[in-house]
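A short worksheet on the structure shown next.
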Amino acid sequence: MFLRVISRPLMAKVKQTTGIVGLDVVSNAREVLIDLYTKTLNEIKAVPEDEGYRKAVESFTKQRLKVCQEEEDWETIEKRLGCGQVEELIEEARDELTLIGKMIEWDPWGVPDDYECEVIENEAPVPKHVPLHRPGPLPEEFYQTLEAVTKQDTPKITSTESQSKE
């Protein structure tokens, strides 16, 4: 038992490179990930509970944190998560923390109850402040092809051999 506890860190594989330009190896990646995922779960609490963004972030962060806590080896963490190298996961976690701060600042879920959204019907005139996003007409070839495909008529026999056998 004692030998396993002492030898495990010594026998661990050391990553030499990520193979990705500009992305350095993080020797304590597991600890960094656990710290980042814990911070993410604390920060996301500022987002309302019923928001889809919070639910999604909590879900995948809890799952990744659980794997990092269960596994000691970076290779096993990478394999179980299947989301790239641990160094890439660190970058993603840092980016998510930044995004959480911006989402809290932007407050996209804070639409007032009395907010009225302007609905524009198909033939209604579009106000000048609203960009016009209507596709142009489809080419005539499209309609011809569509008509040929959807026709219910059986194909006519054009071969002279087939006609002579009947």
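All residue names refer to the structure tokens as shown: chains lettered A, B, ... in order, residues numbered from 1 in each chain, ligands numbered from 1 in order.
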Surrounding residues of A:Tyr37 excluding itself and chain neighbours under 4 positions, 8 Å, only C-alpha atoms, as a ChimeraX atom specification: /A:33,41,61-62,64-65,93
Given only C-alpha atoms as the counted atoms, nearest of A:Glu87, A:Glu78, A:Glu92, A:Glu147 to A:Asn28: A:Glu87
Helix (DSSP H, G or I) per DSSP on the backbone: members of chain A, as an MDAnalysis selection string: chainID A and resid 2:11 29:46 52:70 74:81 86:106 140:150 160:165
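Near A:Gln63, within 9 Å and counting only C-alpha atoms, sit Glu58, Cys68 and Leu81 of chain A, not including residues fewer than 5 positions from it in the same chain.
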Selection near A:Met103, 12 Å with only C-alpha atoms, sequence-local residues under 2 positions removed, as a ChimeraX atom specification: /A:43-44,46-48,51,53-54,96-101,105-110
Just write the chosen residues, C-alpha atoms, as a tab-separated table (two decimals), in the first residue's frame.
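Done, and the output landed in part27.tsv:
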chain	number	residue	atom	x	y	z
A	43	GLU	CA	-20.12	31.94	-11.02
A	44	ILE	CA	-23.06	30.42	-12.92
A	46	ALA	CA	-25.70	34.42	-10.70
A	47	VAL	CA	-27.69	33.34	-13.78
A	48	PRO	CA	-31.40	32.61	-13.16
A	51	GLU	CA	-32.36	29.71	-18.01
A	53	TYR	CA	-27.64	28.61	-20.56
A	54	ARG	CA	-27.26	27.95	-16.83
A	96	GLU	CA	-16.54	29.82	-20.27
A	97	LEU	CA	-15.73	31.78	-17.10
A	98	THR	CA	-15.20	34.90	-19.22
A	99	LEU	CA	-18.47	34.29	-21.07
A	100	ILE	CA	-20.41	33.84	-17.83
A	101	GLY	CA	-19.22	37.29	-16.72
A	105	GLU	CA	-23.35	41.89	-17.68
A	106	TRP	CA	-25.50	41.68	-20.85
A	107	ASP	CA	-28.47	40.16	-19.00
A	108	PRO	CA	-30.16	38.61	-22.07
A	109	TRP	CA	-32.83	36.95	-19.90
A	110	GLY	CA	-33.84	40.25	-18.31
Set out as CSV a contact list for stretch 12-61 of chain A and stretch 73-77 of chain A with a cut-off of 12 Å, giving each residue of stretch 12-61 of chain A that qualifies its closest atom pair and distance in Å to one decimal, counting only C-alpha atoms, ordered by chain and rising residue number.
residue,atom,partner,partner_atom,distance
A:Ala12,CA,A:Asp73,CA,7.2
A:Lys13,CA,A:Asp73,CA,8.1
A:Val14,CA,A:Trp74,CA,9.2
A:Lys15,CA,A:Trp74,CA,8.9
A:Val25,CA,A:Trp74,CA,11.2
A:Val26,CA,A:Trp74,CA,10.1
A:Ser27,CA,A:Trp74,CA,9.3
A:Asn28,CA,A:Trp74,CA,9.0
A:Ala29,CA,A:Trp74,CA,7.3
A:Arg30,CA,A:Trp74,CA,6.7
A:Glu31,CA,A:Trp74,CA,10.3
A:Val32,CA,A:Trp74,CA,11.6
A:Leu33,CA,A:Ile77,CA,10.4
A:Ile34,CA,A:Ile77,CA,11.6
Please produce an output containing N, CA, C and O atoms for each residue in the selection, written as a PDB file, in the first residue's frame.
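Below is the file that was written, part-v8.pdb:
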ATOM      1  N   ALA A  12       3.803   8.099 -13.166  1.00  0.00           N
ATOM      2  CA  ALA A  12       2.873   8.792 -14.044  1.00  0.00           C
ATOM      3  C   ALA A  12       3.582   9.255 -15.311  1.00  0.00           C
ATOM      4  O   ALA A  12       4.734   9.675 -15.278  1.00  0.00           O
ATOM      5  N   LYS A  13       2.852   9.180 -16.419  1.00  0.00           N
ATOM      6  CA  LYS A  13       3.423   9.616 -17.682  1.00  0.00           C
ATOM      7  C   LYS A  13       3.504  11.133 -17.710  1.00  0.00           C
ATOM      8  O   LYS A  13       2.596  11.826 -17.261  1.00  0.00           O
ATOM      9  N   VAL A  14       4.580  11.631 -18.283  1.00  0.00           N
ATOM     10  CA  VAL A  14       4.777  13.062 -18.396  1.00  0.00           C
ATOM     11  C   VAL A  14       4.542  13.452 -19.848  1.00  0.00           C
ATOM     12  O   VAL A  14       5.135  12.874 -20.755  1.00  0.00           O
ATOM     13  N   LYS A  15       3.681  14.421 -20.055  1.00  0.00           N
ATOM     14  CA  LYS A  15       3.382  14.886 -21.403  1.00  0.00           C
ATOM     15  C   LYS A  15       4.485  15.841 -21.839  1.00  0.00           C
ATOM     16  O   LYS A  15       4.810  16.794 -21.128  1.00  0.00           O
ATOM     17  N   VAL A  25       2.121  22.641 -22.449  1.00  0.00           N
ATOM     18  CA  VAL A  25       1.737  21.567 -21.540  1.00  0.00           C
ATOM     19  C   VAL A  25       1.523  22.150 -20.146  1.00  0.00           C
ATOM     20  O   VAL A  25       2.299  22.988 -19.692  1.00  0.00           O
ATOM     21  N   VAL A  26       0.473  21.713 -19.480  1.00  0.00           N
ATOM     22  CA  VAL A  26       0.193  22.124 -18.106  1.00  0.00           C
ATOM     23  C   VAL A  26       0.452  20.895 -17.234  1.00  0.00           C
ATOM     24  O   VAL A  26      -0.262  19.895 -17.330  1.00  0.00           O
ATOM     25  N   SER A  27       1.485  20.975 -16.415  1.00  0.00           N
ATOM     26  CA  SER A  27       1.900  19.806 -15.630  1.00  0.00           C
ATOM     27  C   SER A  27       0.879  19.425 -14.552  1.00  0.00           C
ATOM     28  O   SER A  27       0.729  18.260 -14.225  1.00  0.00           O
ATOM     29  N   ASN A  28       0.153  20.395 -14.028  1.00  0.00           N
ATOM     30  CA  ASN A  28      -0.857  20.122 -13.003  1.00  0.00           C
ATOM     31  C   ASN A  28      -2.263  20.362 -13.561  1.00  0.00           C
ATOM     32  O   ASN A  28      -3.111  20.970 -12.914  1.00  0.00           O
ATOM     33  N   ALA A  29      -2.511  19.855 -14.749  1.00  0.00           N
ATOM     34  CA  ALA A  29      -3.765  20.118 -15.465  1.00  0.00           C
ATOM     35  C   ALA A  29      -4.994  19.687 -14.676  1.00  0.00           C
ATOM     36  O   ALA A  29      -6.008  20.387 -14.650  1.00  0.00           O
ATOM     37  N   ARG A  30      -4.925  18.549 -14.024  1.00  0.00           N
ATOM     38  CA  ARG A  30      -6.069  18.046 -13.260  1.00  0.00           C
ATOM     39  C   ARG A  30      -6.478  19.049 -12.183  1.00  0.00           C
ATOM     40  O   ARG A  30      -7.660  19.382 -12.048  1.00  0.00           O
ATOM     41  N   GLU A  31      -5.512  19.535 -11.428  1.00  0.00           N
ATOM     42  CA  GLU A  31      -5.810  20.484 -10.354  1.00  0.00           C
ATOM     43  C   GLU A  31      -6.350  21.795 -10.910  1.00  0.00           C
ATOM     44  O   GLU A  31      -7.277  22.395 -10.351  1.00  0.00           O
ATOM     45  N   VAL A  32      -5.777  22.244 -12.020  1.00  0.00           N
ATOM     46  CA  VAL A  32      -6.239  23.486 -12.657  1.00  0.00           C
ATOM     47  C   VAL A  32      -7.687  23.317 -13.124  1.00  0.00           C
ATOM     48  O   VAL A  32      -8.526  24.199 -12.918  1.00  0.00           O
ATOM     49  N   LEU A  33      -7.994  22.168 -13.738  1.00  0.00           N
ATOM     50  CA  LEU A  33      -9.356  21.917 -14.209  1.00  0.00           C
ATOM     51  C   LEU A  33     -10.345  21.868 -13.047  1.00  0.00           C
ATOM     52  O   LEU A  33     -11.430  22.459 -13.128  1.00  0.00           O
ATOM     53  N   ILE A  34      -9.984  21.189 -11.989  1.00  0.00           N
ATOM     54  CA  ILE A  34     -10.874  21.114 -10.821  1.00  0.00           C
ATOM     55  C   ILE A  34     -11.150  22.511 -10.279  1.00  0.00           C
ATOM     56  O   ILE A  34     -12.297  22.870  -9.979  1.00  0.00           O
TER      57      ILE A  34
END
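Note that atom CA of A:Ala124 and atom CA of A:Phe142 are 27.2 Å apart.
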Gap from atom CA of A:Gly82 to atom CA of A:Ser59 - Å, one decimal: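 Computed distance, atom CA of A:Gly82 to atom CA of A:Ser59, equals 15.7 Å.
Picture a line from atom CA of A:Ala148 to atom CA of A:Gly136; it runs 22.5 Å.
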